>>> print(open('my_file.cif').read())   # mmCIF, C-alpha atoms
data_data
#
loop_
_atom_site.group_PDB
_atom_site.id
_atom_site.type_symbol
_atom_site.label_atom_id
_atom_site.label_comp_id
_atom_site.auth_asym_id
_atom_site.auth_seq_id
_atom_site.Cartn_x
_atom_site.Cartn_y
_atom_site.Cartn_z
ATOM 1 C CA MET A 1 -157.586 -106.003 -189.265
ATOM 2 C CA LYS A 2 -157.385 -102.485 -187.801
ATOM 3 C CA ARG A 3 -160.268 -101.080 -185.738
ATOM 4 C CA SER A 4 -161.627 -97.620 -186.371
ATOM 5 C CA PRO A 5 -160.962 -94.908 -183.734
ATOM 6 C CA LYS A 6 -164.697 -94.698 -183.001
ATOM 7 C CA LEU A 7 -164.879 -98.409 -182.274
ATOM 8 C CA ASN A 8 -161.799 -98.141 -180.040
ATOM 9 C CA LEU A 9 -163.486 -95.310 -178.120
ATOM 10 C CA ILE A 10 -166.644 -97.346 -177.619
ATOM 11 C CA VAL A 11 -164.725 -100.439 -176.445
ATOM 12 C CA ILE A 12 -162.529 -98.461 -174.049
ATOM 13 C CA SER A 13 -165.549 -96.535 -172.694
ATOM 14 C CA LEU A 14 -167.481 -99.756 -172.037
ATOM 15 C CA ILE A 15 -164.522 -101.305 -170.214
ATOM 16 C CA VAL A 16 -163.929 -98.187 -168.104
ATOM 17 C CA PHE A 17 -167.624 -97.710 -167.271
ATOM 18 C CA GLY A 18 -168.041 -101.386 -166.403
ATOM 19 C CA ALA A 19 -165.172 -101.092 -163.949
ATOM 20 C CA LEU A 20 -166.131 -97.699 -162.508
ATOM 21 C CA PHE A 21 -169.916 -97.707 -162.155
ATOM 22 C CA PRO A 22 -170.075 -100.053 -159.132
ATOM 23 C CA THR A 23 -167.401 -97.944 -157.446
ATOM 24 C CA LEU A 24 -169.195 -94.706 -158.287
ATOM 25 C CA LEU A 25 -172.551 -95.914 -157.036
ATOM 26 C CA TYR A 26 -171.360 -97.293 -153.726
ATOM 27 C CA SER A 27 -168.941 -94.511 -152.931
ATOM 28 C CA GLN A 28 -171.885 -92.116 -152.532
ATOM 29 C CA SER A 29 -172.535 -93.157 -148.931
ATOM 30 C CA GLU A 30 -173.866 -89.800 -147.724
ATOM 31 C CA SER A 31 -176.295 -89.562 -150.608
ATOM 32 C CA GLY A 32 -178.226 -92.670 -149.742
ATOM 33 C CA ILE A 33 -177.169 -94.854 -152.678
ATOM 34 C CA GLY A 34 -174.765 -96.946 -150.654
ATOM 35 C CA PRO A 35 -174.800 -97.892 -147.016
ATOM 36 C CA THR A 36 -175.824 -94.886 -144.929
ATOM 37 C CA ASN A 37 -173.369 -95.871 -142.216
ATOM 38 C CA PRO A 38 -170.318 -97.761 -143.483
ATOM 39 C CA ASN A 39 -169.391 -98.779 -139.898
ATOM 40 C CA ALA A 40 -172.769 -100.426 -139.224
ATOM 41 C CA SER A 41 -173.227 -104.025 -140.225
ATOM 42 C CA ALA A 42 -176.227 -105.113 -142.253
ATOM 43 C CA ALA A 43 -177.655 -106.727 -139.130
ATOM 44 C CA SER A 44 -177.249 -103.978 -136.547
ATOM 45 C CA TYR A 45 -179.079 -104.677 -133.300
ATOM 46 C CA TYR A 46 -179.344 -102.153 -130.492
ATOM 47 C CA TYR A 47 -180.597 -102.759 -126.964
ATOM 48 C CA ILE A 48 -181.646 -99.587 -125.136
ATOM 49 C CA SER A 49 -183.260 -100.296 -121.808
ATOM 50 C CA LYS A 50 -182.742 -100.373 -118.077
ATOM 51 C CA PRO A 51 -182.649 -103.738 -116.276
ATOM 52 C CA GLY A 52 -186.158 -105.098 -115.657
ATOM 53 C CA GLU A 53 -187.822 -102.581 -117.997
ATOM 54 C CA LEU A 54 -190.523 -103.861 -120.356
ATOM 55 C CA THR A 55 -189.232 -103.658 -123.941
ATOM 56 C CA MET A 56 -190.357 -104.091 -127.529
ATOM 57 C CA GLN A 57 -188.514 -104.551 -130.803
ATOM 58 C CA VAL A 58 -188.867 -102.091 -133.691
ATOM 59 C CA ASN A 59 -186.951 -101.472 -136.910
ATOM 60 C CA ILE A 60 -185.783 -98.192 -138.373
ATOM 61 C CA TRP A 61 -184.390 -98.022 -141.901
ATOM 62 C CA GLY A 62 -183.490 -95.498 -144.541
ATOM 63 C CA SER A 63 -181.815 -92.140 -144.302
ATOM 64 C CA ILE A 64 -180.825 -92.436 -140.647
ATOM 65 C CA GLN A 65 -177.418 -92.481 -138.945
ATOM 66 C CA LYS A 66 -177.709 -95.942 -137.352
ATOM 67 C CA PRO A 67 -180.409 -98.036 -139.061
ATOM 68 C CA GLY A 68 -181.276 -101.424 -137.624
ATOM 69 C CA ARG A 69 -183.389 -103.297 -135.107
ATOM 70 C CA TYR A 70 -183.863 -101.649 -131.741
ATOM 71 C CA GLU A 71 -185.055 -103.176 -128.511
ATOM 72 C CA ILE A 72 -186.464 -100.193 -126.665
ATOM 73 C CA PRO A 73 -188.703 -99.430 -123.672
ATOM 74 C CA THR A 74 -192.416 -99.690 -124.494
ATOM 75 C CA SER A 75 -192.822 -96.006 -123.576
ATOM 76 C CA THR A 76 -190.528 -94.905 -126.441
ATOM 77 C CA ASP A 77 -192.063 -92.774 -129.190
ATOM 78 C CA ILE A 78 -190.819 -92.252 -132.745
ATOM 79 C CA ILE A 79 -188.895 -89.065 -131.878
ATOM 80 C CA GLN A 80 -186.956 -90.878 -129.152
ATOM 81 C CA LEU A 81 -186.274 -93.802 -131.497
ATOM 82 C CA ILE A 82 -184.868 -91.465 -134.140
ATOM 83 C CA SER A 83 -182.667 -89.932 -131.439
ATOM 84 C CA TYR A 84 -181.443 -93.398 -130.369
ATOM 85 C CA ALA A 85 -180.626 -94.061 -134.029
ATOM 86 C CA GLY A 86 -178.346 -91.017 -134.170
ATOM 87 C CA GLY A 87 -180.819 -88.727 -135.900
ATOM 88 C CA PRO A 88 -181.702 -88.369 -139.553
ATOM 89 C CA ASN A 89 -179.112 -87.898 -142.280
ATOM 90 C CA PRO A 90 -178.944 -84.384 -143.766
ATOM 91 C CA ASP A 91 -180.822 -85.564 -146.877
ATOM 92 C CA ALA A 92 -183.676 -87.236 -144.956
ATOM 93 C CA ASN A 93 -187.256 -86.458 -145.946
ATOM 94 C CA MET A 94 -188.850 -85.953 -142.543
ATOM 95 C CA SER A 95 -192.156 -84.803 -144.036
ATOM 96 C CA ALA A 96 -193.154 -88.335 -145.076
ATOM 97 C CA VAL A 97 -191.907 -90.824 -142.484
ATOM 98 C CA ARG A 98 -193.538 -94.208 -143.174
ATOM 99 C CA ILE A 99 -194.601 -96.496 -140.341
ATOM 100 C CA THR A 100 -195.546 -100.071 -141.170
ATOM 101 C CA ARG A 101 -197.472 -101.896 -138.480
ATOM 102 C CA VAL A 102 -198.532 -105.546 -138.476
ATOM 103 C CA THR A 103 -201.483 -106.413 -136.242
ATOM 104 C CA LYS A 104 -203.553 -109.517 -135.721
ATOM 105 C CA LYS A 105 -207.345 -109.145 -135.744
ATOM 106 C CA GLU A 106 -209.399 -112.278 -135.221
ATOM 107 C CA GLU A 107 -206.689 -114.648 -136.519
ATOM 108 C CA VAL A 108 -206.146 -112.422 -139.569
ATOM 109 C CA ILE A 109 -202.830 -110.620 -139.956
ATOM 110 C CA VAL A 110 -203.317 -107.042 -141.103
ATOM 111 C CA ARG A 111 -200.473 -104.911 -142.394
ATOM 112 C CA SER A 112 -201.075 -101.178 -142.349
ATOM 113 C CA GLU A 113 -198.933 -98.266 -143.398
ATOM 114 C CA TYR A 114 -199.267 -94.631 -142.604
ATOM 115 C CA PHE A 115 -197.149 -91.526 -143.005
ATOM 116 C CA ILE A 116 -196.427 -88.787 -140.525
ATOM 117 C CA ASN A 117 -194.935 -85.372 -141.099
ATOM 118 C CA LEU A 118 -192.176 -84.849 -138.565
ATOM 119 C CA ASP A 119 -191.276 -81.500 -140.151
ATOM 120 C CA ASP A 120 -194.565 -80.214 -138.684
ATOM 121 C CA LEU A 121 -194.198 -81.737 -135.231
ATOM 122 C CA PRO A 122 -196.303 -79.167 -133.312
ATOM 123 C CA ASN A 123 -199.354 -80.072 -135.418
ATOM 124 C CA THR A 124 -198.816 -83.850 -135.218
ATOM 125 C CA GLU A 125 -201.104 -85.781 -132.871
ATOM 126 C CA SER A 126 -199.147 -87.426 -130.062
ATOM 127 C CA SER A 127 -201.007 -90.709 -130.669
ATOM 128 C CA LYS A 128 -199.413 -90.899 -134.137
ATOM 129 C CA LEU A 129 -195.955 -90.756 -132.547
ATOM 130 C CA GLU A 130 -196.563 -93.910 -130.472
ATOM 131 C CA LEU A 131 -194.685 -97.063 -131.389
ATOM 132 C CA PHE A 132 -195.902 -100.634 -131.056
ATOM 133 C CA PRO A 133 -193.980 -103.922 -131.014
ATOM 134 C CA GLY A 134 -192.818 -104.917 -134.491
ATOM 135 C CA ASP A 135 -193.250 -101.469 -136.067
ATOM 136 C CA THR A 136 -190.968 -100.657 -138.985
ATOM 137 C CA ILE A 137 -190.100 -97.021 -139.580
ATOM 138 C CA PHE A 138 -188.672 -95.939 -142.927
ATOM 139 C CA ILE A 139 -187.217 -92.497 -143.537
ATOM 140 C CA ASP A 140 -186.656 -91.884 -147.233
ATOM 141 C CA HIS A 141 -184.240 -89.370 -148.688
ATOM 142 C CA THR A 142 -185.354 -86.264 -150.539
ATOM 143 C CA SER A 143 -185.919 -86.414 -154.291
ATOM 144 C CA TRP A 144 -183.116 -83.909 -154.726
ATOM 145 C CA THR A 145 -180.706 -86.597 -153.486
ATOM 146 C CA THR A 146 -181.643 -88.889 -156.369
ATOM 147 C CA VAL A 147 -181.215 -86.081 -158.903
ATOM 148 C CA ARG A 148 -177.850 -85.159 -157.369
ATOM 149 C CA ASP A 149 -176.649 -88.765 -157.485
ATOM 150 C CA VAL A 150 -177.685 -89.230 -161.104
ATOM 151 C CA LEU A 151 -175.994 -85.958 -162.081
ATOM 152 C CA THR A 152 -172.819 -87.037 -160.272
ATOM 153 C CA VAL A 153 -172.664 -90.307 -162.188
ATOM 154 C CA VAL A 154 -173.505 -88.674 -165.534
ATOM 155 C CA THR A 155 -170.923 -85.915 -165.003
ATOM 156 C CA THR A 156 -168.232 -88.421 -164.069
ATOM 157 C CA ALA A 157 -169.082 -90.562 -167.090
ATOM 158 C CA ALA A 158 -168.906 -87.504 -169.371
ATOM 159 C CA ILE A 159 -165.505 -86.502 -167.982
ATOM 160 C CA ILE A 160 -164.117 -90.015 -168.478
ATOM 161 C CA THR A 161 -165.531 -90.223 -172.012
ATOM 162 C CA SER A 162 -164.054 -86.826 -172.849
ATOM 163 C CA ALA A 163 -160.653 -87.855 -171.506
ATOM 164 C CA ILE A 164 -160.692 -91.094 -173.502
ATOM 165 C CA ALA A 165 -161.750 -89.235 -176.655
ATOM 166 C CA ASN A 166 -158.932 -86.711 -176.187
ATOM 167 C CA VAL A 167 -156.380 -89.512 -175.799
ATOM 168 C CA ILE A 168 -157.616 -91.206 -178.974
ATOM 169 C CA ILE A 169 -157.634 -87.918 -180.907
ATOM 170 C CA ALA A 170 -154.116 -87.097 -179.729
ATOM 171 C CA LYS A 171 -152.954 -90.605 -180.653
ATOM 172 C CA GLU A 172 -154.416 -90.219 -184.169
ATOM 173 C CA ARG A 173 -152.720 -86.809 -184.657
ATOM 174 C CA TRP A 174 -149.325 -88.204 -183.701
ATOM 175 C CA ARG A 175 -149.479 -90.827 -186.443
#
>>> encode(input="my_file.cif", output="structure tokens")
Amino acid sequence: MKRSPKLNLIVISLIVFGALFPTLLYSQSESGIGPTNPNASAASYYYISKPGELTMQVNIWGSIQKPGRYEIPTSTDIIQLISYAGGPNPDANMSAVRITRVTKKEEVIVRSEYFINLDDLPNTESSKLELFPGDTIFIDHTSWTTVRDVLTVVTTAAIITSAIANVIIAKERWR
């Protein structure tokens, strides 16, 4: 039984897309879809301190050059931590940096989150820049990055589909 050209196109497209989509998604390392730093392991740990200095551990994730867990001096603020982490990626949204802090009040663990705008640093209270042991800082990427990534995948898929359709059409004309 012979398949129709349309069915052939659909089957070939599904096979090609199934093989290419994981590659397309994870090859976009600068855009934030894949690892932001391909040389950093998933469990990056950084120790930044002088001998005998009192330290604390914090985490920094997201659109940053070197995400991971940092053991830093207790006097470190969020700006210094971002500097230790290599600075933000070009697509980082510095206007909504999220800090998650876990504290214990009367045997009850309280998790709080707040956002700070590091794009407007002169108007940011210095107390909001302080870090505490166990803080987790997340720097998201801009919404334009998501749109750009989706358009990249859609455009690539359209080009592949067009190429496959042209091959099938040419094959049918040569018969």
>>> atom_distance(input="my_file.cif", atom1="CA of Ser95 (chain A)", atom2="CA of His141 (chain A)")
10.3 Å
>>> closest_residue(input="my_file.cif", among="A:Ala158, A:Val102, A:Leu121, A:Leu81", to="Trp61 (chain A)", atoms="all atoms listed in the file")
A:Leu81
>>> closest_residue(input="my_file.cif", among="A:Asn117, A:Thr100, A:Gln57, A:Thr152", to="Phe138 (chain A)", atoms="only C-alpha atoms")
A:Thr100
>>> atom_distance(input="my_file.cif", atom1="CA of Lys128 (chain A)", atom2="CA of Thr145 (chain A)")
27.3 Å
>>> atom_distance(input="my_file.cif", atom1="CA of Val153 (chain A)", atom2="CA of Gly86 (chain A)")
28.6 Å
>>> residues_around(input="my_file.cif", residues="Ala92 (chain A)", least_positions_apart="4", cutoff="10 Å", atoms="only C-alpha atoms", output="ChimeraX atom specification")
/A:31-32,62-64,87-88,96-97,139-143,145
>>> write_last_selection(input="my_file.cif", atoms="C-alpha atoms", output="PDB file, in the frame of the given file")
ATOM      1  CA  SER A  31    -176.295 -89.562-150.608  1.00  0.00           C
ATOM      2  CA  GLY A  32    -178.226 -92.670-149.742  1.00  0.00           C
ATOM      3  CA  GLY A  62    -183.490 -95.498-144.541  1.00  0.00           C
ATOM      4  CA  SER A  63    -181.815 -92.140-144.302  1.00  0.00           C
ATOM      5  CA  ILE A  64    -180.825 -92.436-140.647  1.00  0.00           C
ATOM      6  CA  GLY A  87    -180.819 -88.727-135.900  1.00  0.00           C
ATOM      7  CA  PRO A  88    -181.702 -88.369-139.553  1.00  0.00           C
ATOM      8  CA  ALA A  96    -193.154 -88.335-145.076  1.00  0.00           C
ATOM      9  CA  VAL A  97    -191.907 -90.824-142.484  1.00  0.00           C
ATOM     10  CA  ILE A 139    -187.217 -92.497-143.537  1.00  0.00           C
ATOM     11  CA  ASP A 140    -186.656 -91.884-147.233  1.00  0.00           C
ATOM     12  CA  HIS A 141    -184.240 -89.370-148.688  1.00  0.00           C
ATOM     13  CA  THR A 142    -185.354 -86.264-150.539  1.00  0.00           C
ATOM     14  CA  SER A 143    -185.919 -86.414-154.291  1.00  0.00           C
ATOM     15  CA  THR A 145    -180.706 -86.597-153.486  1.00  0.00           C
TER      16      THR A 145
END
>>> resolve_selection(input="my_file.cif", expression="the PyMOL selection byres ((chain A and resi 74) around 6)", output="list in words")
Thr55, Met56, Pro73, Ser75 and Thr76 of chain A
>>> write_last_selection(input="my_file.cif", atoms="C-alpha atoms", output="PDB file, in the frame of the given file")
ATOM      1  CA  THR A  55    -189.232-103.658-123.941  1.00  0.00           C
ATOM      2  CA  MET A  56    -190.357-104.091-127.529  1.00  0.00           C
ATOM      3  CA  PRO A  73    -188.703 -99.430-123.672  1.00  0.00           C
ATOM      4  CA  SER A  75    -192.822 -96.006-123.576  1.00  0.00           C
ATOM      5  CA  THR A  76    -190.528 -94.905-126.441  1.00  0.00           C
TER       6      THR A  76
END
>>> closest_residue(input="my_file.cif", among="A:Leu54, A:Ile159, A:Leu131, A:Ile99", to="Ile116 (chain A)", atoms="only C-alpha atoms")
A:Ile99
>>> closest_residue(input="my_file.cif", among="A:Ser83, A:Thr136, A:Ile48, A:Asn123", to="Ile60 (chain A)", atoms="only C-alpha atoms")
A:Thr136
>>> closest_residue(input="my_file.cif", among="A:Glu113, A:Ala170, A:Gly52, A:Ala165", to="Ile137 (chain A)", atoms="only C-alpha atoms")
A:Glu113
>>> axis_aligned_box(input="my_file.cif", around="region 171-175 of chain A", padding_each_side="4 Å", output="lines of an AutoDock Vina configuration file")
center_x = -151.9
center_y = -88.8
center_z = -183.5
size_x = 13.1
size_y = 12.0
size_z = 13.8
>>> closest_residue(input="my_file.cif", among="A:Arg98, A:Val147, A:Thr161, A:Glu130", to="Gln80 (chain A)", atoms="all atoms listed in the file")
A:Glu130
